[in-house]
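Visitor: Supplied structure: final-v4.pdb, PDB, C-alpha atoms and all ligand atoms.
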```pdb
MODEL        1
ATOM      1  CA  MET A1148     -16.397 -71.216 -30.726
ATOM      2  CA  PRO A1149     -18.019 -67.791 -30.403
ATOM      3  CA  ARG A1150     -15.896 -64.980 -29.111
ATOM      4  CA  LEU A1151     -16.901 -63.496 -25.812
ATOM      5  CA  SER A1152     -17.758 -59.859 -26.096
ATOM      6  CA  SER A1153     -16.374 -57.330 -23.660
ATOM      7  CA  VAL A1154     -19.897 -57.030 -22.321
ATOM      8  CA  ALA A1155     -20.051 -60.712 -21.483
ATOM      9  CA  LEU A1156     -16.679 -60.478 -19.764
ATOM     10  CA  ALA A1157     -18.014 -57.654 -17.632
ATOM     11  CA  ALA A1158     -20.824 -59.800 -16.273
ATOM     12  CA  VAL A1159     -20.799 -60.220 -12.511
ATOM     13  CA  VAL A1160     -22.187 -63.026 -10.415
ATOM     14  CA  THR A1161     -25.369 -62.072  -8.613
ATOM     15  CA  LEU A1162     -26.450 -63.111  -5.157
ATOM     16  CA  ALA A1163     -28.882 -65.502  -6.794
ATOM     17  CA  GLY A1164     -26.003 -67.165  -8.627
ATOM     18  CA  GLY A1165     -27.025 -65.843 -12.045
ATOM     19  CA  THR A1166     -25.206 -63.260 -14.047
ATOM     20  CA  LEU A1167     -25.927 -59.605 -14.272
ATOM     21  CA  GLN A1168     -24.946 -57.390 -17.143
ATOM     22  CA  PRO A1169     -24.390 -53.663 -16.845
ATOM     23  CA  THR A1170     -26.154 -52.926 -20.117
ATOM     24  CA  VAL A1171     -26.205 -49.771 -22.199
ATOM     25  CA  GLY A1172     -29.639 -48.624 -23.283
ATOM     26  CA  PHE A1173     -31.335 -45.565 -24.688
ATOM     27  CA  GLY A1174     -34.383 -44.325 -22.804
ATOM     28  CA  LEU A1175     -37.049 -42.049 -24.189
ATOM     29  CA  HIS A1176     -36.047 -39.469 -21.597
ATOM     30  CA  ASN A1177     -32.877 -40.357 -19.821
ATOM     31  CA  GLY A1178     -30.701 -40.644 -22.893
ATOM     32  CA  ARG A1179     -27.854 -43.138 -22.818
ATOM     33  CA  VAL A1180     -27.897 -44.957 -19.496
ATOM     34  CA  THR A1181     -26.381 -48.089 -18.042
ATOM     35  CA  ILE A1182     -28.935 -50.367 -16.436
ATOM     36  CA  ASP A1183     -28.578 -53.694 -14.645
ATOM     37  CA  LEU A1184     -30.129 -56.511 -16.691
ATOM     38  CA  ASP A1185     -30.014 -60.254 -16.710
ATOM     39  CA  PRO A1186     -28.403 -61.248 -20.014
ATOM     40  CA  GLY A1187     -30.716 -60.531 -22.944
ATOM     41  CA  ARG A1188     -33.865 -59.833 -20.927
ATOM     42  CA  MET A1189     -35.532 -56.803 -19.390
ATOM     43  CA  VAL A1190     -35.195 -58.435 -15.979
ATOM     44  CA  ASP A1191     -33.094 -57.449 -12.963
ATOM     45  CA  SER A1192     -32.753 -60.493 -10.755
ATOM     46  CA  THR A1193     -30.570 -58.570  -8.288
ATOM     47  CA  ARG A1194     -33.685 -56.552  -7.451
ATOM     48  CA  PRO A1195     -36.105 -59.470  -7.312
ATOM     49  CA  GLY A1196     -39.432 -58.818  -8.987
ATOM     50  CA  LEU A1197     -38.187 -55.989 -11.200
ATOM     51  CA  ARG A1198     -38.859 -56.598 -14.873
ATOM     52  CA  CYS A1199     -40.482 -54.719 -17.743
ATOM     53  CA  GLY A1200     -42.474 -55.701 -20.801
ATOM     54  CA  GLY A1201     -45.801 -55.283 -22.538
ATOM     55  CA  THR A1202     -49.187 -55.815 -20.943
ATOM     56  CA  SER A1203     -48.841 -59.597 -21.247
ATOM     57  CA  GLY A1204     -46.330 -59.293 -18.413
ATOM     58  CA  VAL A1205     -43.625 -61.137 -20.361
ATOM     59  CA  PRO A1206     -40.361 -59.179 -20.111
ATOM     60  CA  PHE A1207     -38.911 -57.916 -23.368
ATOM     61  CA  VAL A1208     -36.020 -59.809 -24.965
ATOM     62  CA  VAL A1209     -33.266 -57.325 -25.756
ATOM     63  CA  THR A1210     -29.775 -57.020 -27.202
ATOM     64  CA  GLU A1211     -27.188 -54.435 -26.292
ATOM     65  CA  PRO A1212     -27.294 -51.541 -26.863
ATOM     66  CA  VAL A1213     -30.979 -51.623 -25.923
ATOM     67  CA  ASP A1214     -32.748 -49.375 -28.383
ATOM     68  CA  GLY A1215     -35.538 -49.591 -30.910
ATOM     69  CA  SER A1216     -39.272 -49.386 -30.410
ATOM     70  CA  PRO A1217     -40.770 -46.744 -28.099
ATOM     71  CA  ALA A1218     -42.062 -49.535 -25.858
ATOM     72  CA  VAL A1219     -38.571 -50.980 -25.395
ATOM     73  CA  ARG A1220     -37.081 -47.531 -24.823
ATOM     74  CA  ALA A1221     -39.847 -46.756 -22.305
ATOM     75  CA  CYS A1222     -38.793 -49.908 -20.445
ATOM     76  CA  VAL A1223     -35.186 -48.652 -20.424
ATOM     77  CA  ASP A1224     -36.476 -45.559 -18.620
ATOM     78  CA  VAL A1225     -38.554 -47.674 -16.239
ATOM     79  CA  MET A1226     -35.693 -50.016 -15.324
ATOM     80  CA  TYR A1227     -33.355 -47.050 -14.883
ATOM     81  CA  GLY A1228     -35.826 -45.134 -12.701
ATOM     82  CA  ALA A1229     -36.697 -48.183 -10.614
ATOM     83  CA  GLN A1230     -33.006 -48.996 -10.063
ATOM     84  CA  GLN A1231     -32.271 -45.404  -9.044
ATOM     85  CA  LEU A1232     -35.194 -45.513  -6.589
ATOM     86  CA  TRP A1233     -33.970 -48.816  -5.146
ATOM     87  CA  ASN A1234     -30.450 -47.380  -4.749
ATOM     88  CA  MET A1235     -31.728 -44.131  -3.220
ATOM     89  CA  LEU A1236     -33.773 -46.008  -0.622
ATOM     90  CA  ARG A1237     -30.696 -48.140   0.183
ATOM     91  CA  ASP A1238     -28.108 -45.352   0.244
ATOM     92  CA  TRP A1239     -30.123 -42.560   1.830
ATOM     93  CA  ALA A1240     -32.612 -44.398   4.040
ATOM     94  CA  GLY A1241     -31.156 -47.869   4.669
ATOM     95  CA  ARG A1242     -34.235 -49.524   3.188
ATOM     96  CA  ASN A1243     -33.904 -52.917   1.526
ATOM     97  CA  GLY A1244     -36.040 -52.831  -1.623
ATOM     98  CA  PHE A1245     -39.430 -51.343  -2.329
ATOM     99  CA  ASP A1246     -41.167 -53.599   0.179
ATOM    100  CA  GLY A1247     -38.438 -53.183   2.817
ATOM    101  CA  ASN A1248     -37.756 -56.898   2.519
ATOM    102  CA  GLY A1249     -35.573 -57.129  -0.574
ATOM    103  CA  ARG A1250     -38.210 -57.090  -3.271
ATOM    104  CA  ALA A1251     -39.246 -54.894  -6.167
ATOM    105  CA  PHE A1252     -42.283 -55.245  -8.453
ATOM    106  CA  PRO A1253     -42.845 -55.646 -12.194
ATOM    107  CA  ALA A1254     -43.727 -52.932 -14.666
ATOM    108  CA  VAL A1255     -45.609 -52.951 -17.912
ATOM    109  CA  VAL A1256     -45.665 -50.370 -20.646
ATOM    110  CA  ASP A1257     -49.304 -50.164 -21.553
ATOM    111  CA  ALA A1258     -50.211 -49.073 -25.068
ATOM    112  CA  SER A1259     -53.910 -49.046 -24.135
ATOM    113  CA  THR A1260     -53.723 -46.119 -21.708
ATOM    114  CA  VAL A1261     -52.243 -42.647 -21.527
ATOM    115  CA  ASN A1262     -52.081 -42.720 -17.745
ATOM    116  CA  ASN A1263     -49.701 -44.379 -15.327
ATOM    117  CA  TYR A1264     -50.890 -46.500 -12.438
ATOM    118  CA  TRP A1265     -49.897 -48.653  -9.503
ATOM    119  CA  ASN A1266     -52.445 -51.432  -9.025
ATOM    120  CA  GLY A1267     -51.084 -52.855  -5.789
ATOM    121  CA  ALA A1268     -48.860 -55.421  -7.485
ATOM    122  CA  ARG A1269     -47.357 -53.834 -10.584
ATOM    123  CA  ALA A1270     -46.655 -50.427 -12.104
ATOM    124  CA  GLY A1271     -48.151 -49.475 -15.459
ATOM    125  CA  PHE A1272     -46.864 -46.748 -17.737
ATOM    126  CA  GLY A1273     -49.246 -45.514 -20.414
ATOM    127  CA  ILE A1274     -47.632 -45.098 -23.791
ATOM    128  CA  ALA A1275     -50.785 -44.738 -25.908
ATOM    129  CA  ALA A1276     -50.311 -41.891 -28.378
ATOM    130  CA  LEU A1277     -46.632 -42.091 -27.441
ATOM    131  CA  ARG A1278     -46.817 -39.505 -24.759
ATOM    132  CA  PRO A1279     -43.252 -40.044 -23.603
ATOM    133  CA  ARG A1280     -43.458 -38.006 -20.423
ATOM    134  CA  THR A1281     -44.939 -41.027 -18.683
ATOM    135  CA  THR A1282     -41.560 -42.702 -18.085
ATOM    136  CA  THR A1283     -39.561 -39.773 -16.704
ATOM    137  CA  LEU A1284     -37.558 -40.371 -13.528
ATOM    138  CA  ASP A1285     -40.078 -38.539 -11.343
ATOM    139  CA  LEU A1286     -43.081 -40.429 -12.721
ATOM    140  CA  VAL A1287     -41.388 -43.825 -12.442
ATOM    141  CA  GLY A1288     -40.389 -42.877  -8.889
ATOM    142  CA  HIS A1289     -43.987 -41.783  -8.247
ATOM    143  CA  GLU A1290     -45.626 -45.094  -9.248
ATOM    144  CA  TYR A1291     -43.112 -47.222  -7.387
ATOM    145  CA  GLY A1292     -43.394 -44.726  -4.530
ATOM    146  CA  HIS A1293     -46.957 -46.008  -4.117
ATOM    147  CA  ALA A1294     -45.461 -49.472  -3.674
ATOM    148  CA  VAL A1295     -43.176 -48.187  -0.920
ATOM    149  CA  TYR A1296     -46.097 -46.488   0.855
ATOM    150  CA  GLN A1297     -48.190 -49.658   0.584
ATOM    151  CA  TYR A1298     -45.362 -51.682   2.114
ATOM    152  CA  THR A1299     -44.951 -49.502   5.206
ATOM    153  CA  PRO A1300     -46.981 -50.160   8.375
ATOM    154  CA  GLY A1301     -50.689 -49.464   7.919
ATOM    155  CA  GLY A1302     -50.542 -50.109   4.188
ATOM    156  CA  ALA A1303     -52.193 -47.934   1.566
ATOM    157  CA  GLY A1304     -55.390 -47.581   3.605
ATOM    158  CA  SER A1305     -58.437 -45.829   2.243
ATOM    159  CA  GLY A1306     -60.136 -42.458   2.267
ATOM    160  CA  ASN A1307     -59.047 -39.127   0.861
ATOM    161  CA  GLU A1308     -56.641 -38.094   3.612
ATOM    162  CA  MET A1309     -54.679 -41.341   3.581
ATOM    163  CA  GLY A1310     -54.891 -41.276  -0.211
ATOM    164  CA  ALA A1311     -53.522 -37.737  -0.296
ATOM    165  CA  LEU A1312     -50.597 -38.736   1.913
ATOM    166  CA  ASN A1313     -50.076 -41.667  -0.461
ATOM    167  CA  GLU A1314     -49.882 -39.242  -3.405
ATOM    168  CA  SER A1315     -47.502 -36.884  -1.590
ATOM    169  CA  ALA A1316     -45.291 -39.822  -0.592
ATOM    170  CA  ALA A1317     -45.171 -40.839  -4.259
ATOM    171  CA  ASP A1318     -44.266 -37.310  -5.382
ATOM    172  CA  ILE A1319     -41.663 -36.925  -2.624
ATOM    173  CA  LEU A1320     -39.997 -40.169  -3.723
ATOM    174  CA  GLY A1321     -40.336 -39.203  -7.402
ATOM    175  CA  ALA A1322     -38.654 -35.841  -6.872
ATOM    176  CA  GLY A1323     -36.148 -37.516  -4.568
ATOM    177  CA  VAL A1324     -35.082 -39.905  -7.322
ATOM    178  CA  GLU A1325     -34.339 -36.970  -9.636
ATOM    179  CA  HIS A1326     -32.071 -35.486  -6.975
ATOM    180  CA  TYR A1327     -30.393 -38.843  -6.292
ATOM    181  CA  ALA A1328     -29.804 -39.710  -9.971
ATOM    182  CA  ASN A1329     -28.719 -36.165 -10.900
ATOM    183  CA  ASN A1330     -29.000 -37.053 -14.590
ATOM    184  CA  PRO A1331     -28.373 -34.036 -16.867
ATOM    185  CA  ASN A1332     -31.049 -35.320 -19.253
ATOM    186  CA  ASN A1333     -33.651 -35.130 -16.465
ATOM    187  CA  PRO A1334     -32.158 -32.726 -13.925
ATOM    188  CA  PRO A1335     -33.363 -32.383 -10.333
ATOM    189  CA  ASP A1336     -36.202 -29.972  -9.618
ATOM    190  CA  TRP A1337     -39.418 -29.748  -7.606
ATOM    191  CA  LEU A1338     -41.691 -30.315 -10.589
ATOM    192  CA  ILE A1339     -43.468 -33.584 -11.364
ATOM    193  CA  GLY A1340     -43.943 -34.539 -15.010
ATOM    194  CA  GLU A1341     -42.270 -31.445 -16.376
ATOM    195  CA  LEU A1342     -40.526 -32.894 -19.400
ATOM    196  CA  PRO A1343     -42.341 -32.335 -22.698
ATOM    197  CA  GLY A1344     -44.652 -34.806 -24.314
ATOM    198  CA  LEU A1345     -48.019 -34.421 -22.606
ATOM    199  CA  GLY A1346     -49.837 -31.137 -22.312
ATOM    200  CA  THR A1347     -48.022 -27.874 -21.804
ATOM    201  CA  GLY A1348     -46.753 -27.705 -18.234
ATOM    202  CA  PRO A1349     -45.818 -29.868 -15.274
ATOM    203  CA  LEU A1350     -48.471 -32.031 -13.649
ATOM    204  CA  ARG A1351     -47.507 -30.800 -10.221
ATOM    205  CA  ASN A1352     -45.300 -28.091  -8.753
ATOM    206  CA  LEU A1353     -44.216 -29.159  -5.281
ATOM    207  CA  ALA A1354     -42.601 -25.829  -4.360
ATOM    208  CA  ASN A1355     -45.400 -23.656  -5.758
ATOM    209  CA  PRO A1356     -48.604 -25.726  -5.919
ATOM    210  CA  ALA A1357     -50.682 -22.693  -6.937
ATOM    211  CA  ALA A1358     -48.893 -22.742 -10.309
ATOM    212  CA  VAL A1359     -51.038 -25.778 -11.192
ATOM    213  CA  GLY A1360     -54.086 -24.708  -9.204
ATOM    214  CA  PHE A1361     -53.401 -26.661  -6.012
ATOM    215  CA  PRO A1362     -53.354 -25.276  -2.450
ATOM    216  CA  ALA A1363     -50.075 -24.297  -0.768
ATOM    217  CA  CYS A1364     -51.480 -24.409   2.766
ATOM    218  CA  HIS A1365     -53.072 -27.259   4.699
ATOM    219  CA  GLY A1366     -56.842 -27.059   4.616
ATOM    220  CA  PRO A1367     -59.971 -29.097   3.898
ATOM    221  CA  ILE A1368     -59.474 -32.675   2.684
ATOM    222  CA  GLY A1369     -60.640 -33.207  -0.894
ATOM    223  CA  GLU A1370     -59.415 -34.788  -4.130
ATOM    224  CA  VAL A1371     -56.228 -36.689  -3.355
ATOM    225  CA  HIS A1372     -53.765 -34.966  -5.718
ATOM    226  CA  ALA A1373     -54.844 -31.449  -4.720
ATOM    227  CA  THR A1374     -54.915 -32.378  -1.026
ATOM    228  CA  SER A1375     -51.422 -33.866  -1.310
ATOM    229  CA  ALA A1376     -49.891 -30.536  -2.330
ATOM    230  CA  PRO A1377     -49.285 -28.903   1.090
ATOM    231  CA  HIS A1378     -47.638 -32.054   2.422
ATOM    232  CA  SER A1379     -45.399 -32.316  -0.638
ATOM    233  CA  ARG A1380     -44.481 -28.671  -0.040
ATOM    234  CA  TRP A1381     -43.606 -29.540   3.557
ATOM    235  CA  PHE A1382     -40.908 -31.810   2.123
ATOM    236  CA  VAL A1383     -39.593 -29.066  -0.184
ATOM    237  CA  LEU A1384     -39.354 -26.688   2.792
ATOM    238  CA  LEU A1385     -37.563 -29.318   4.871
ATOM    239  CA  ALA A1386     -35.071 -30.093   2.094
ATOM    240  CA  ASP A1387     -34.640 -26.739   0.404
ATOM    241  CA  GLY A1388     -36.210 -24.110   2.654
ATOM    242  CA  THR A1389     -38.063 -20.934   1.815
ATOM    243  CA  ARG A1390     -35.512 -20.103  -0.903
ATOM    244  CA  ALA A1391     -37.279 -22.835  -2.959
ATOM    245  CA  SER A1392     -40.804 -22.270  -1.597
ATOM    246  CA  PRO A1393     -41.098 -18.772  -0.100
ATOM    247  CA  GLN A1394     -44.675 -18.858   1.169
ATOM    248  CA  ARG A1395     -45.235 -19.297   4.910
ATOM    249  CA  CYS A1396     -48.898 -19.836   5.680
ATOM    250  CA  ASP A1397     -48.253 -18.872   9.322
ATOM    251  CA  GLY A1398     -46.259 -15.709   8.588
ATOM    252  CA  GLY A1399     -43.115 -17.121  10.232
ATOM    253  CA  PRO A1400     -39.467 -16.382   9.429
ATOM    254  CA  PRO A1401     -37.421 -17.853   6.545
ATOM    255  CA  ILE A1402     -36.405 -21.522   6.706
ATOM    256  CA  THR A1403     -33.042 -22.962   5.695
ATOM    257  CA  GLY A1404     -33.451 -26.522   4.420
ATOM    258  CA  ILE A1405     -31.426 -29.524   5.584
ATOM    259  CA  GLY A1406     -30.850 -30.995   2.104
ATOM    260  CA  VAL A1407     -32.708 -33.655   0.145
ATOM    261  CA  ARG A1408     -30.750 -36.579   1.547
ATOM    262  CA  LYS A1409     -31.405 -35.821   5.223
ATOM    263  CA  ALA A1410     -35.013 -34.881   4.458
ATOM    264  CA  LEU A1411     -35.606 -38.144   2.623
ATOM    265  CA  GLN A1412     -34.083 -40.135   5.479
ATOM    266  CA  ILE A1413     -36.381 -38.454   8.008
ATOM    267  CA  PHE A1414     -39.418 -38.923   5.759
ATOM    268  CA  MET A1415     -38.716 -42.629   5.234
ATOM    269  CA  ALA A1416     -38.144 -43.152   8.963
ATOM    270  CA  SER A1417     -41.516 -41.469   9.614
ATOM    271  CA  LEU A1418     -43.224 -43.937   7.262
ATOM    272  CA  THR A1419     -42.017 -46.797   9.446
ATOM    273  CA  LEU A1420     -44.134 -45.187  12.199
ATOM    274  CA  LYS A1421     -47.221 -45.086   9.961
ATOM    275  CA  SER A1422     -50.532 -46.669  10.959
ATOM    276  CA  ASN A1423     -54.044 -46.986   9.569
ATOM    277  CA  PRO A1424     -55.780 -44.572   9.516
ATOM    278  CA  TRP A1425     -52.942 -42.155   8.758
ATOM    279  CA  ASN A1426     -53.379 -38.387   8.706
ATOM    280  CA  HIS A1427     -51.423 -35.133   8.549
ATOM    281  CA  LYS A1428     -51.373 -34.626  12.316
ATOM    282  CA  LYS A1429     -49.945 -38.093  12.908
ATOM    283  CA  ALA A1430     -47.475 -37.501  10.088
ATOM    284  CA  ARG A1431     -46.256 -34.317  11.795
ATOM    285  CA  ILE A1432     -45.652 -36.195  15.040
ATOM    286  CA  ALA A1433     -43.958 -39.121  13.226
ATOM    287  CA  THR A1434     -41.502 -36.872  11.366
ATOM    288  CA  LEU A1435     -40.613 -35.025  14.585
ATOM    289  CA  THR A1436     -40.058 -38.358  16.316
ATOM    290  CA  ALA A1437     -37.925 -39.579  13.403
ATOM    291  CA  ALA A1438     -35.799 -36.412  13.304
ATOM    292  CA  LYS A1439     -35.171 -36.577  17.043
ATOM    293  CA  THR A1440     -34.278 -40.270  16.923
ATOM    294  CA  LEU A1441     -31.973 -39.965  13.899
ATOM    295  CA  HIS A1442     -30.119 -36.819  14.955
ATOM    296  CA  ALA A1443     -30.025 -36.725  18.772
ATOM    297  CA  PRO A1444     -28.487 -34.895  20.528
ATOM    298  CA  SER A1445     -28.788 -32.338  17.691
ATOM    299  CA  CYS A1446     -32.129 -30.538  17.548
ATOM    300  CA  ALA A1447     -31.291 -28.589  14.375
ATOM    301  CA  GLU A1448     -33.005 -31.043  12.015
ATOM    302  CA  PHE A1449     -35.972 -31.407  14.401
ATOM    303  CA  ASP A1450     -36.437 -27.635  14.386
ATOM    304  CA  VAL A1451     -36.549 -27.483  10.574
ATOM    305  CA  VAL A1452     -39.086 -30.329  10.487
ATOM    306  CA  ARG A1453     -41.243 -28.397  12.970
ATOM    307  CA  GLN A1454     -40.890 -25.074  11.173
ATOM    308  CA  SER A1455     -41.755 -26.686   7.829
ATOM    309  CA  TRP A1456     -45.033 -28.077   9.208
ATOM    310  CA  ASN A1457     -45.835 -24.698  10.762
ATOM    311  CA  ALA A1458     -45.072 -23.075   7.402
ATOM    312  CA  ILE A1459     -47.716 -25.127   5.558
ATOM    313  CA  GLY A1460     -50.268 -24.185   8.206
ATOM    314  CA  LEU A1461     -50.323 -27.398  10.228
ATOM    315  CA  PRO A1462     -49.531 -26.252  13.799
ATOM    316  CA  ALA A1463     -48.201 -28.030  16.886
ATOM    317  CA  GLN A1464     -50.199 -31.040  18.060
ATOM    318  CA  PRO A1465     -50.959 -32.130  21.629
ATOM    319  CA  ALA A1466     -48.356 -34.551  22.945
ATOM    320  CA  GLU A1467     -45.931 -34.048  20.080
ATOM    321  CA  PRO A1468     -42.244 -34.527  20.952
ATOM    322  CA  THR A1469     -40.044 -31.626  21.947
ATOM    323  CA  CYS A1470     -36.290 -31.222  21.522
ATOM    324  CA  PRO A1471     -34.133 -31.176  23.541
TER
HETATM  325 ZN    ZN A1501     -50.136 -41.410  -7.742
ENDMDL
END
```
Here is the file; what I need is its structure written in the form of structure tokens.
Ligand SMILES: [Zn+2]
Guide:
Amino acid sequence: MPRLSSVALAAVVTLAGGTLQPTVGFGLHNGRVTIDLDPGRMVDSTRPGLRCGGTSGVPFVVTEPVDGSPAVRACVDVMYGAQQLWNMLRDWAGRNGFDGNGRAFPAVVDASTVNNYWNGARAGFGIAALRPRTTTLDLVGHEYGHAVYQYTPGGAGSGNEMGALNESAADILGAGVEHYANNPNNPPDWLIGELPGLGTGPLRNLANPAAVGFPACHGPIGEVHATSAPHSRWFVLLADGTRASPQRCDGGPPITGIGVRKALQIFMASLTLKSNPWNHKKARIATLTAAKTLHAPSCAEFDVVRQSWNAIGLPAQPAEPTCP
């Protein structure tokens, strides 16, 4: 009779009646992590839909400690990042799963592309040429952030402005996951895609968009990633204030942030007020409404939301809420 390993003894019964193993793995970026896996497979049945494998869609078969090929280690990063995102949404925003209804979505590591993508049903992480930056916490949070945006009222929509707000939502959730996980191998910051492996610098700088050639202030609507930058900076100002992002497009006074957790909660509550078409002006009103609802009778959080929008150059809108 085979001996049970200590790992097998640590298995816990899942809601679905299966077993779940806290499993040690080695990511390309996150170092040694413990991820939740069904026994021997890159599947997490406690977060239904979450699994990772090659482009065939079949989840990898693994043994503990999960290590080995870059594709398998990339999936360790993906499962870790997805589980941290799930937990952040639960713990900080009271959201049940990526779709708000208890479900996650599969991922593939795609050796045929260098880019990541969300195609509406699954996340893809390009590992061609072994550019390992593609599975960092912020980039995993970004792709699954598109899933969260799609599964809030109004959906993903179309057009550059709604697409830009989709990209900023993805970056806000990607940076948020870094802050939630607080992993010393991928420490929290306001950069997206900053770890080495692809190119020379970060893909995006949420606190200082000009560092990558993007605008810091709200202006004309254009290419979605560039247009997303002021709104992403709105979140940095809300969370971390002008100490993190000094520029005020309106010349106003310094802002003291309310912290990433409160900011994320307000942002997620605003997404539940989303509609199609969605735009920056509606987003301003939705975040003010969310801050007032979450924190009444306090107006402190509401005031920082308002100041942060003013600071990116998107002023007060007709019929927006006031506090008190
Ligand atoms: Zn994106």
Visitor: Would you mind listing the residues within 9 Å of ligand ZN 1501 (chain A), counting all atoms listed in the file, as a ChimeraX atom specification?
Guide: /A:1263-1265,1286,1289-1290,1292-1293,1310-1311,1313-1318,1371-1372
Visitor: Please determine an axis-aligned box that encloses all atoms of segment 1393-1406 of chain A listed in the file, with 6 Å added on each side, and express its centre and edge lengths in Å to one decimal as JSON.
Guide:
```
{"center_x": -39.9, "center_y": -23.4, "center_z": 5.1, "size_x": 30.0, "size_y": 27.3, "size_z": 22.3}
```
Visitor: Rank A:Gly1187, A:Arg1380, A:His1176, A:Phe1245 by their smallest atom-to-atom distance to Phe1207 of chain A, using all atoms listed in the file, and report the top residue only.
Guide: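 Using all atoms listed in the file, Phe1207 of chain A sits closest to A:Gly1187.
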Visitor: Neighbours of segment 1231-1241 of chain A within 8 Å (all atoms listed in the file; same-chain residues fewer than 4 positions away dropped), as a PDB file with C-alpha atoms, in the frame of the given file?
Guide:
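Everything below was put into part_15.pdb:
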```pdb
ATOM      1  CA  TYR A1227     -33.355 -47.050 -14.883  1.00  0.00           C
ATOM      2  CA  PHE A1245     -39.430 -51.343  -2.329  1.00  0.00           C
ATOM      3  CA  GLY A1288     -40.389 -42.877  -8.889  1.00  0.00           C
ATOM      4  CA  LEU A1320     -39.997 -40.169  -3.723  1.00  0.00           C
ATOM      5  CA  VAL A1324     -35.082 -39.905  -7.322  1.00  0.00           C
ATOM      6  CA  TYR A1327     -30.393 -38.843  -6.292  1.00  0.00           C
ATOM      7  CA  ALA A1328     -29.804 -39.710  -9.971  1.00  0.00           C
ATOM      8  CA  ARG A1408     -30.750 -36.579   1.547  1.00  0.00           C
ATOM      9  CA  LYS A1409     -31.405 -35.821   5.223  1.00  0.00           C
ATOM     10  CA  LEU A1411     -35.606 -38.144   2.623  1.00  0.00           C
ATOM     11  CA  GLN A1412     -34.083 -40.135   5.479  1.00  0.00           C
ATOM     12  CA  MET A1415     -38.716 -42.629   5.234  1.00  0.00           C
ATOM     13  CA  ALA A1416     -38.144 -43.152   8.963  1.00  0.00           C
TER      14      ALA A1416
END
```
Visitor: To one decimal place in Å, what is the distance between atom CA of Ser1192 of chain A and atom CA of Leu1167 of chain A?
Guide: 7.7 Å
Visitor: Within 10 Å of Gly1360 of chain A, counting all atoms listed in the file, which residues show up once you throw out same-chain ones fewer than 4 positions away? Write them as an NGL selection string, please.
Guide: :A and (1351-1352 or 1355-1356 or 1373 or 1376)
Visitor: Would you kindly translate the PyMOL selection byres (((chain A and resi 1262) around 10) and not hetatm) into the concrete residues it picks from this file, as a VMD selection string?
Guide: chain A and resid 1257 to 1261 1263 to 1264 1271 to 1275 1278 1281
Visitor: Extract, using all atoms listed in the file, all DNA, RNA and protein residues at most 7 Å from Leu1197 of chain A, discarding same-chain residues fewer than 6 positions from it, and format them as a VMD selection string.
Guide: chain A and resid 1190 to 1191 1251 to 1253
Visitor: Convert the current residue selection to file output with C-alpha atoms, as a PDB file, keeping the file's coordinate frame.
Guide:
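Dumped everything to result.pdb:
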```pdb
ATOM      1  CA  VAL A1190     -35.195 -58.435 -15.979  1.00  0.00           C
ATOM      2  CA  ASP A1191     -33.094 -57.449 -12.963  1.00  0.00           C
ATOM      3  CA  ALA A1251     -39.246 -54.894  -6.167  1.00  0.00           C
ATOM      4  CA  PHE A1252     -42.283 -55.245  -8.453  1.00  0.00           C
ATOM      5  CA  PRO A1253     -42.845 -55.646 -12.194  1.00  0.00           C
TER       6      PRO A1253
END
```
Visitor: Looking at A:Gly1267, A:Pro1300, A:Gly1196, A:Gly1388, which one is nearest to Trp1456 of chain A, with distances taken over only C-alpha atoms?
Guide: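 So, comparing all the options, the nearest one is A:Gly1388.
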Visitor: For atom CA of Gly1369 of chain A and atom CA of Asp1397 of chain A, quote the distance in Å rounded to one decimal.
Guide: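 Result for atom CA of Gly1369 of chain A versus atom CA of Asp1397 of chain A: 21.5 Å, one decimal.
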Visitor: Can you rebuild segment 1425-1433 of chain A with N, CA and C atoms and give it as a PDB file, keeping the file's coordinate frame?
Guide:
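Writing the result to rebuild.pdb gives the following:
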```
ATOM      1  N   TRP A1425     -54.053 -43.096   8.688  1.00  0.00           N
ATOM      2  CA  TRP A1425     -52.942 -42.155   8.758  1.00  0.00           C
ATOM      3  C   TRP A1425     -53.472 -40.764   8.416  1.00  0.00           C
ATOM      4  N   ASN A1426     -52.925 -39.743   9.043  1.00  0.00           N
ATOM      5  CA  ASN A1426     -53.379 -38.387   8.706  1.00  0.00           C
ATOM      6  C   ASN A1426     -52.234 -37.395   8.894  1.00  0.00           C
ATOM      7  N   HIS A1427     -52.484 -36.137   8.517  1.00  0.00           N
ATOM      8  CA  HIS A1427     -51.423 -35.133   8.549  1.00  0.00           C
ATOM      9  C   HIS A1427     -50.911 -34.888   9.973  1.00  0.00           C
ATOM     10  N   LYS A1428     -51.804 -34.897  10.941  1.00  0.00           N
ATOM     11  CA  LYS A1428     -51.373 -34.626  12.316  1.00  0.00           C
ATOM     12  C   LYS A1428     -50.454 -35.738  12.822  1.00  0.00           C
ATOM     13  N   LYS A1429     -50.818 -36.976  12.520  1.00  0.00           N
ATOM     14  CA  LYS A1429     -49.945 -38.093  12.908  1.00  0.00           C
ATOM     15  C   LYS A1429     -48.624 -38.026  12.157  1.00  0.00           C
ATOM     16  N   ALA A1430     -48.696 -37.597  10.884  1.00  0.00           N
ATOM     17  CA  ALA A1430     -47.475 -37.501  10.088  1.00  0.00           C
ATOM     18  C   ALA A1430     -46.534 -36.449  10.675  1.00  0.00           C
ATOM     19  N   ARG A1431     -47.093 -35.338  11.142  1.00  0.00           N
ATOM     20  CA  ARG A1431     -46.256 -34.317  11.795  1.00  0.00           C
ATOM     21  C   ARG A1431     -45.519 -34.927  12.983  1.00  0.00           C
ATOM     22  N   ILE A1432     -46.258 -35.614  13.841  1.00  0.00           N
ATOM     23  CA  ILE A1432     -45.652 -36.195  15.040  1.00  0.00           C
ATOM     24  C   ILE A1432     -44.594 -37.245  14.660  1.00  0.00           C
ATOM     25  N   ALA A1433     -44.900 -38.058  13.636  1.00  0.00           N
ATOM     26  CA  ALA A1433     -43.958 -39.121  13.226  1.00  0.00           C
ATOM     27  C   ALA A1433     -42.654 -38.534  12.685  1.00  0.00           C
TER      28      ALA A1433
END
```
